[in-house]
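Next comes entry.pdb, a file with PDB, C-alpha atoms, pLDDT in the B column.
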ATOM      1  CA  LYS N  12     -19.922   7.114  -5.148  1.00 97.00           C
ATOM      2  CA  ILE N  13     -16.353   6.266  -4.178  1.00 97.00           C
ATOM      3  CA  THR N  14     -14.782   2.886  -4.875  1.00 97.00           C
ATOM      4  CA  ALA N  15     -11.175   2.289  -3.883  1.00 96.00           C
ATOM      5  CA  LYS N  16      -8.623  -0.478  -3.507  1.00 95.00           C
ATOM      6  CA  MET N  17      -5.567   0.005  -1.315  1.00 93.00           C
ATOM      7  CA  ASN N  18      -3.378  -1.800   1.197  1.00 90.00           C
ATOM      8  CA  SER N  19      -3.926   0.498   4.183  1.00 90.00           C
ATOM      9  CA  LEU N  20      -6.068   3.431   5.299  1.00 91.00           C
ATOM     10  CA  GLU N  21      -4.582   5.306   8.229  1.00 91.00           C
ATOM     11  CA  ASP N  22      -4.441   9.022   7.454  1.00 89.00           C
ATOM     12  CA  LEU N  23      -6.881  10.656   9.888  1.00 93.00           C
ATOM     13  CA  GLU N  24      -7.691  13.555   7.547  1.00 93.00           C
ATOM     14  CA  MET N  25      -8.678  11.074   4.827  1.00 93.00           C
ATOM     15  CA  VAL N  26     -10.709   9.038   7.316  1.00 95.00           C
ATOM     16  CA  GLU N  27     -12.578  12.187   8.396  1.00 96.00           C
ATOM     17  CA  LEU N  28     -13.219  13.137   4.759  1.00 97.00           C
ATOM     18  CA  LEU N  29     -14.621   9.664   4.051  1.00 97.00           C
ATOM     19  CA  TYR N  30     -16.886   9.953   7.125  1.00 98.00           C
ATOM     20  CA  LYS N  31     -18.018  13.371   5.875  1.00 98.00           C
ATOM     21  CA  ALA N  32     -18.754  11.943   2.412  1.00 97.00           C
ATOM     22  CA  SER N  33     -20.669   9.031   3.962  1.00 98.00           C
ATOM     23  CA  ASN N  34     -22.766  11.430   6.017  1.00 97.00           C
ATOM     24  CA  ALA N  35     -23.501  13.432   2.862  1.00 96.00           C
ATOM     25  CA  GLY N  36     -24.956  10.251   1.331  1.00 96.00           C
ATOM     26  CA  VAL N  37     -21.993   9.131  -0.762  1.00 97.00           C
ATOM     27  CA  LYS N  38     -21.859   5.335  -1.114  1.00 97.00           C
ATOM     28  CA  ILE N  39     -18.302   4.207  -0.374  1.00 98.00           C
ATOM     29  CA  ARG N  40     -16.999   0.739  -1.225  1.00 98.00           C
ATOM     30  CA  LEU N  41     -13.447   0.006  -0.106  1.00 97.00           C
ATOM     31  CA  LEU N  42     -11.162  -2.966  -0.576  1.00 96.00           C
ATOM     32  CA  VAL N  43      -8.425  -2.572   2.039  1.00 94.00           C
ATOM     33  CA  ARG N  44      -5.989  -5.478   2.119  1.00 92.00           C
ATOM     34  CA  GLY N  45      -4.308  -4.546   5.388  1.00 88.00           C
ATOM     35  CA  PHE N  46      -5.448  -2.315   8.194  1.00 89.00           C
ATOM     36  CA  THR N  47      -7.776   0.640   8.355  1.00 92.00           C
ATOM     37  CA  CYS N  48      -8.457   3.241  11.040  1.00 92.00           C
ATOM     38  CA  LEU N  49     -11.897   3.870   9.547  1.00 95.00           C
ATOM     39  CA  ILE N  50     -14.804   2.123  11.269  1.00 95.00           C
ATOM     40  CA  PRO N  51     -17.497   1.312   8.699  1.00 96.00           C
ATOM     41  CA  GLY N  52     -21.196   0.732   9.190  1.00 93.00           C
ATOM     42  CA  ILE N  53     -21.898   3.002  12.171  1.00 94.00           C
ATOM     43  CA  LYS N  54     -25.208   4.849  11.942  1.00 93.00           C
ATOM     44  CA  GLY N  55     -24.720   8.597  11.684  1.00 93.00           C
ATOM     45  CA  MET N  56     -20.983   8.254  11.077  1.00 95.00           C
ATOM     46  CA  SER N  57     -20.108   5.688   8.427  1.00 97.00           C
ATOM     47  CA  GLU N  58     -23.301   3.864   7.518  1.00 96.00           C
ATOM     48  CA  ASN N  59     -22.637   4.312   3.774  1.00 97.00           C
ATOM     49  CA  ILE N  60     -19.198   2.679   3.961  1.00 98.00           C
ATOM     50  CA  TYR N  61     -18.583  -1.037   3.305  1.00 97.00           C
ATOM     51  CA  ILE N  62     -15.098  -2.554   3.514  1.00 97.00           C
ATOM     52  CA  THR N  63     -13.730  -5.960   2.632  1.00 97.00           C
ATOM     53  CA  SER N  64     -10.206  -7.317   2.722  1.00 95.00           C
ATOM     54  CA  VAL N  65      -8.724 -10.024   0.522  1.00 95.00           C
ATOM     55  CA  VAL N  66      -5.544 -11.753   1.641  1.00 93.00           C
ATOM     56  CA  ASP N  67      -4.681 -14.691  -0.561  1.00 93.00           C
ATOM     57  CA  ARG N  68      -1.793 -16.389  -2.316  1.00 92.00           C
ATOM     58  CA  TYR N  69      -0.318 -13.318  -4.026  1.00 88.00           C
ATOM     59  CA  LEU N  70       0.736  -9.975  -2.575  1.00 84.00           C
ATOM     60  CA  GLU N  71      -0.918  -7.280  -4.663  1.00 81.00           C
ATOM     61  CA  HIS N  72       0.480  -3.802  -5.016  1.00 78.00           C
ATOM     62  CA  GLY N  73      -1.993  -1.925  -7.195  1.00 82.00           C
ATOM     63  CA  ARG N  74      -4.147   0.902  -5.887  1.00 92.00           C
ATOM     64  CA  ILE N  75      -7.244   2.039  -7.745  1.00 95.00           C
ATOM     65  CA  TYR N  76      -9.452   5.000  -6.831  1.00 95.00           C
ATOM     66  CA  ILE N  77     -12.758   5.667  -8.601  1.00 97.00           C
ATOM     67  CA  PHE N  78     -14.798   8.791  -7.927  1.00 96.00           C
ATOM     68  CA  GLU N  79     -18.270   9.137  -9.439  1.00 95.00           C
ATOM     69  CA  ASN N  80     -20.194  12.374  -9.258  1.00 91.00           C
ATOM     70  CA  GLY N  81     -23.436  12.687 -11.178  1.00 86.00           C
ATOM     71  CA  GLY N  82     -22.174  10.462 -14.000  1.00 85.00           C
ATOM     72  CA  ASP N  83     -18.764  12.149 -14.135  1.00 91.00           C
ATOM     73  CA  GLU N  84     -16.385   9.289 -13.371  1.00 95.00           C
ATOM     74  CA  LYS N  85     -12.696   9.768 -12.628  1.00 96.00           C
ATOM     75  CA  ILE N  86     -10.305   6.837 -12.186  1.00 97.00           C
ATOM     76  CA  PHE N  87      -6.841   7.021 -10.650  1.00 95.00           C
ATOM     77  CA  TYR N  88      -4.166   4.400 -10.059  1.00 94.00           C
ATOM     78  CA  GLY N  89      -0.800   4.337  -8.386  1.00 89.00           C
ATOM     79  CA  SER N  90       1.115   3.021  -5.421  1.00 84.00           C
ATOM     80  CA  ALA N  91       0.077   5.392  -2.623  1.00 79.00           C
ATOM     81  CA  ASP N  92      -2.103   4.177   0.219  1.00 78.00           C
ATOM     82  CA  LEU N  93      -4.116   6.657   2.252  1.00 80.00           C
ATOM     83  CA  MET N  94      -1.500   6.749   4.990  1.00 77.00           C
ATOM     84  CA  SER N  95       0.116   9.812   6.541  1.00 75.00           C
ATOM     85  CA  ARG N  96       3.579   8.614   5.554  1.00 76.00           C
ATOM     86  CA  ASN N  97       2.497   8.256   1.906  1.00 75.00           C
ATOM     87  CA  LEU N  98       0.610  11.542   1.738  1.00 75.00           C
ATOM     88  CA  ASP N  99       2.896  13.753   3.829  1.00 76.00           C
ATOM     89  CA  ARG N 100       6.422  12.344   3.890  1.00 82.00           C
ATOM     90  CA  ARG N 101       7.048  10.320   0.732  1.00 78.00           C
ATOM     91  CA  ILE N 102       7.019  11.054  -2.946  1.00 78.00           C
ATOM     92  CA  GLU N 103       4.326   8.787  -4.362  1.00 79.00           C
ATOM     93  CA  VAL N 104       2.241   9.188  -7.467  1.00 81.00           C
ATOM     94  CA  ILE N 105      -1.410   8.662  -8.227  1.00 87.00           C
ATOM     95  CA  SER N 106      -2.182   9.191 -11.898  1.00 94.00           C
ATOM     96  CA  PRO N 107      -5.461   9.665 -13.701  1.00 97.00           C
ATOM     97  CA  VAL N 108      -6.479   6.901 -16.085  1.00 97.00           C
ATOM     98  CA  LEU N 109      -7.341   8.709 -19.309  1.00 97.00           C
ATOM     99  CA  ASP N 110      -7.404   5.833 -21.809  1.00 97.00           C
ATOM    100  CA  LYS N 111     -10.952   4.388 -22.007  1.00 96.00           C
ATOM    101  CA  ASP N 112      -9.789   0.812 -22.678  1.00 95.00           C
ATOM    102  CA  ILE N 113      -7.398   0.824 -19.722  1.00 95.00           C
ATOM    103  CA  ALA N 114     -10.075   2.396 -17.502  1.00 96.00           C
ATOM    104  CA  LYS N 115     -12.496  -0.350 -18.552  1.00 95.00           C
ATOM    105  CA  GLU N 116      -9.944  -3.045 -17.705  1.00 94.00           C
ATOM    106  CA  PHE N 117      -9.200  -1.501 -14.299  1.00 94.00           C
ATOM    107  CA  LYS N 118     -12.914  -1.391 -13.518  1.00 95.00           C
ATOM    108  CA  GLU N 119     -13.411  -4.999 -14.618  1.00 95.00           C
ATOM    109  CA  LEU N 120     -10.488  -6.178 -12.486  1.00 94.00           C
ATOM    110  CA  LEU N 121     -11.694  -4.200  -9.479  1.00 96.00           C
ATOM    111  CA  ASP N 122     -15.202  -5.583  -9.959  1.00 96.00           C
ATOM    112  CA  ILE N 123     -13.806  -9.136  -9.821  1.00 96.00           C
ATOM    113  CA  GLN N 124     -12.032  -8.305  -6.563  1.00 96.00           C
ATOM    114  CA  LEU N 125     -15.100  -6.709  -5.012  1.00 97.00           C
ATOM    115  CA  LYS N 126     -17.117  -9.864  -5.799  1.00 97.00           C
ATOM    116  CA  ASP N 127     -14.681 -12.203  -4.006  1.00 97.00           C
ATOM    117  CA  ASN N 128     -16.674 -14.602  -1.829  1.00 97.00           C
ATOM    118  CA  VAL N 129     -13.945 -17.109  -0.984  1.00 97.00           C
ATOM    119  CA  LYS N 130     -11.072 -15.122   0.559  1.00 97.00           C
ATOM    120  CA  ALA N 131     -12.820 -11.791   1.261  1.00 97.00           C
ATOM    121  CA  ARG N 132     -13.361 -10.807   4.875  1.00 97.00           C
ATOM    122  CA  ILE N 133     -15.703  -8.081   6.040  1.00 96.00           C
ATOM    123  CA  GLN N 134     -14.062  -5.273   7.983  1.00 93.00           C
ATOM    124  CA  ASP N 135     -16.754  -3.818  10.205  1.00 91.00           C
ATOM    125  CA  ALA N 136     -17.342  -2.192  13.576  1.00 90.00           C
ATOM    126  CA  SER N 137     -17.440  -5.584  15.343  1.00 89.00           C
ATOM    127  CA  GLU N 138     -13.845  -6.291  14.203  1.00 85.00           C
ATOM    128  CA  GLU N 139     -14.627 -10.002  13.790  1.00 89.00           C
ATOM    129  CA  ASN N 140     -13.312 -10.082  10.195  1.00 90.00           C
ATOM    130  CA  LEU N 141     -15.778 -12.769   9.156  1.00 95.00           C
ATOM    131  CA  TYR N 142     -15.590 -14.200   5.653  1.00 96.00           C
ATOM    132  CA  VAL N 143     -18.105 -12.890   3.142  1.00 96.00           C
ATOM    133  CA  GLU N 144     -20.905 -15.443   3.029  1.00 94.00           C
ATOM    134  CA  ARG N 145     -21.739 -16.988  -0.313  1.00 93.00           C
ATOM    135  CA  ALA N 146     -25.424 -17.464  -1.006  1.00 92.00           C
ATOM    136  CA  GLU N 147     -26.543 -21.018  -1.657  1.00 94.00           C
ATOM    137  CA  GLY N 148     -25.930 -21.881  -5.287  1.00 94.00           C
ATOM    138  CA  GLU N 149     -23.798 -18.782  -5.850  1.00 95.00           C
ATOM    139  CA  LYS N 150     -20.608 -19.315  -7.857  1.00 96.00           C
ATOM    140  CA  ALA N 151     -17.426 -19.247  -5.774  1.00 97.00           C
ATOM    141  CA  ILE N 152     -15.262 -16.275  -6.765  1.00 97.00           C
ATOM    142  CA  ARG N 153     -11.662 -16.392  -5.576  1.00 97.00           C
ATOM    143  CA  SER N 154     -10.615 -13.053  -6.999  1.00 96.00           C
ATOM    144  CA  GLN N 155      -6.897 -13.625  -7.489  1.00 95.00           C
ATOM    145  CA  TYR N 156      -7.539 -16.760  -9.526  1.00 96.00           C
ATOM    146  CA  GLU N 157     -10.399 -15.101 -11.429  1.00 96.00           C
ATOM    147  CA  MET N 158      -8.192 -12.107 -12.278  1.00 94.00           C
ATOM    148  CA  TYR N 159      -5.501 -14.459 -13.575  1.00 94.00           C
ATOM    149  CA  LYS N 160      -8.071 -16.194 -15.807  1.00 95.00           C
ATOM    150  CA  TYR N 161      -9.452 -12.844 -16.983  1.00 94.00           C
ATOM    151  CA  LEU N 162      -6.018 -11.484 -17.927  1.00 92.00           C
ATOM    152  CA  LYS N 163      -4.863 -14.727 -19.521  1.00 93.00           C
ATOM    153  CA  GLU N 164      -7.985 -14.935 -21.692  1.00 92.00           C
ATOM    154  CA  LYS N 165      -7.932 -11.249 -22.586  1.00 87.00           C
ATOM    155  CA  HIS N 166      -4.281 -11.011 -23.497  1.00 83.00           C
ATOM    156  CA  THR N 167      -3.633 -14.376 -25.158  1.00 85.00           C
ATOM    157  CA  SER N 168      -6.512 -14.334 -27.618  1.00 68.00           C
TER     158      SER N 168
END
Could you rewrite the structure in this file as structure tokens?
Amino acid sequence: KITAKMNSLEDLEMVELLYKASNAGVKIRLLVRGFTCLIPGIKGMSENIYITSVVDRYLEHGRIYIFENGGDEKIFYGSADLMSRNLDRRIEVISPVLDKDIAKEFKELLDIQLKDNVKARIQDASEENLYVERAEGEKAIRSQYEMYKYLKEKHTS
């Protein structure tokens, strides 16, 4: 499984590798704030890839990459998007998250963002960018506000 949050996904080598992983059965869940050159949800190409985008009140800068392989989870964070300019022409850093408490917090924050059902839009092959639909009776989750509450409660108690 691959779960990742970034602003943009444009590097064609990375896109091809994600397609290859999808075709090998890897479940891929992406949160891409801006644009992506990857087309998710196409049978035989990217059917295991689901992408949403959240654009809301605050501009977020964090990038989180989680790779899971048979229970062996590796988490990375940094500022680099999967763009050619970031991977080939700039000096950007992605660091492993080794502290278990920090890794847990990153995962909890990312989970809040992936559950957004107020500002999240689905990026799919139809390119309609429809909002994620909330099931009847389901709690509204506006991720930026929920993350603020989470951090305030966690770090002021």
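Going from atom CA of Arg100 of chain N over to atom CA of Met17 of chain N, you cover 18.0 Å.
With all atoms listed in the file as the atoms that count, the minimum distance from Thr14 of chain N to the choices N:Leu93, N:Val104, N:Leu98, N:Leu125 is reached by N:Leu125.
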Give the answer as one residue: which of N:Val108, N:Ile50, N:Ile13, N:Met94 has the shortest atom-to-atom distance to Met25 of chain N, using all atoms listed in the file? N:Met94
Step by step, work through what the PyMOL selection byres ((chain N and resi 132-146) around 9) selects in the shown file, and finish by giving those residues as a list in words.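 Selection result, ordered by chain and number: Val43, Thr47, Ile50, Pro51, Gly52, Ile53, Tyr61, Ile62, Thr63, Ser64, Val65, Val66, Asp127, Asn128, Val129, Lys130, Ala131, Glu147, Gly148, Glu149, Lys150 and Ala151 of chain N.
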Contacts of Asp83 of chain N at 12 Å (all atoms listed in the file; same-chain gap of 5+ positions) as a PyMOL selection string: chain N and resi 12-13+77-78
Run the PyMOL selection byres ((chain N and resi 87) around 12) on the file and write out the hits as a PyMOL selection string. chain N and resi 13-17+73-79+84-86+88-91+104-110+113-114+117-118
Exercise: residues within 10 Å of coordinate (-24.5, 5.3, 3.1), counting all atoms listed in the file, as a list in words: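 Looking at atoms near the point gives Lys12, Tyr30, Ala32, Ser33, Asn34, Ala35, Gly36, Val37, Lys38, Ile39, Arg40, Pro51, Gly52, Ile53, Lys54, Gly55, Met56, Ser57, Glu58, Asn59, Ile60 and Tyr61 of chain N.
Among the candidate residues N:Asp67, N:Tyr159, N:Ile152, N:Ser19, the one lying nearest to Asn97 of chain N is N:Ser19, with distances computed using all atoms listed in the file.
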Just to confirm, what's the straight-line distance from atom CA of Ser154 of chain N to atom CA of Gly82 of chain N in Å (one decimal)?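 Result for atom CA of Ser154 of chain N versus atom CA of Gly82 of chain N: 27.1 Å, one decimal.
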Would you kindly return, as a JSON list (two decimals) with C-alpha atoms, in the coordinates of the input, each protein, DNA or RNA residue with an atom no farther than 12 Å from any atom of Lys165 of chain N, considering only C-alpha atoms and excluding same-chain residues fewer than 3 positions away?
[["chain", "number", "residue", "atom", "x", "y", "z"],
["N", 116, "GLU", "CA", -9.94, -3.04, -17.70],
["N", 119, "GLU", "CA", -13.41, -5.00, -14.62],
["N", 120, "LEU", "CA", -10.49, -6.18, -12.49],
["N", 158, "MET", "CA", -8.19, -12.11, -12.28],
["N", 159, "TYR", "CA", -5.50, -14.46, -13.58],
["N", 160, "LYS", "CA", -8.07, -16.19, -15.81],
["N", 161, "TYR", "CA", -9.45, -12.84, -16.98],
["N", 162, "LEU", "CA", -6.02, -11.48, -17.93],
["N", 168, "SER", "CA", -6.51, -14.33, -27.62]]
For Glu24 of chain N, the closest of N:Glu71, N:Asn80, N:Ser95, N:Ile123 counting all atoms listed in the file is N:Ser95
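Between atom CA of Asp99 of chain N and atom CA of Arg44 of chain N the interatomic distance comes to 21.3 Å.
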Tell me, as a VMD selection string, which residues lie within 8 Å of Leu49 of chain N, counting all atoms listed in the file; anything in the same chain fewer than 5 positions away does not count. chain N and resid 20 to 21 26
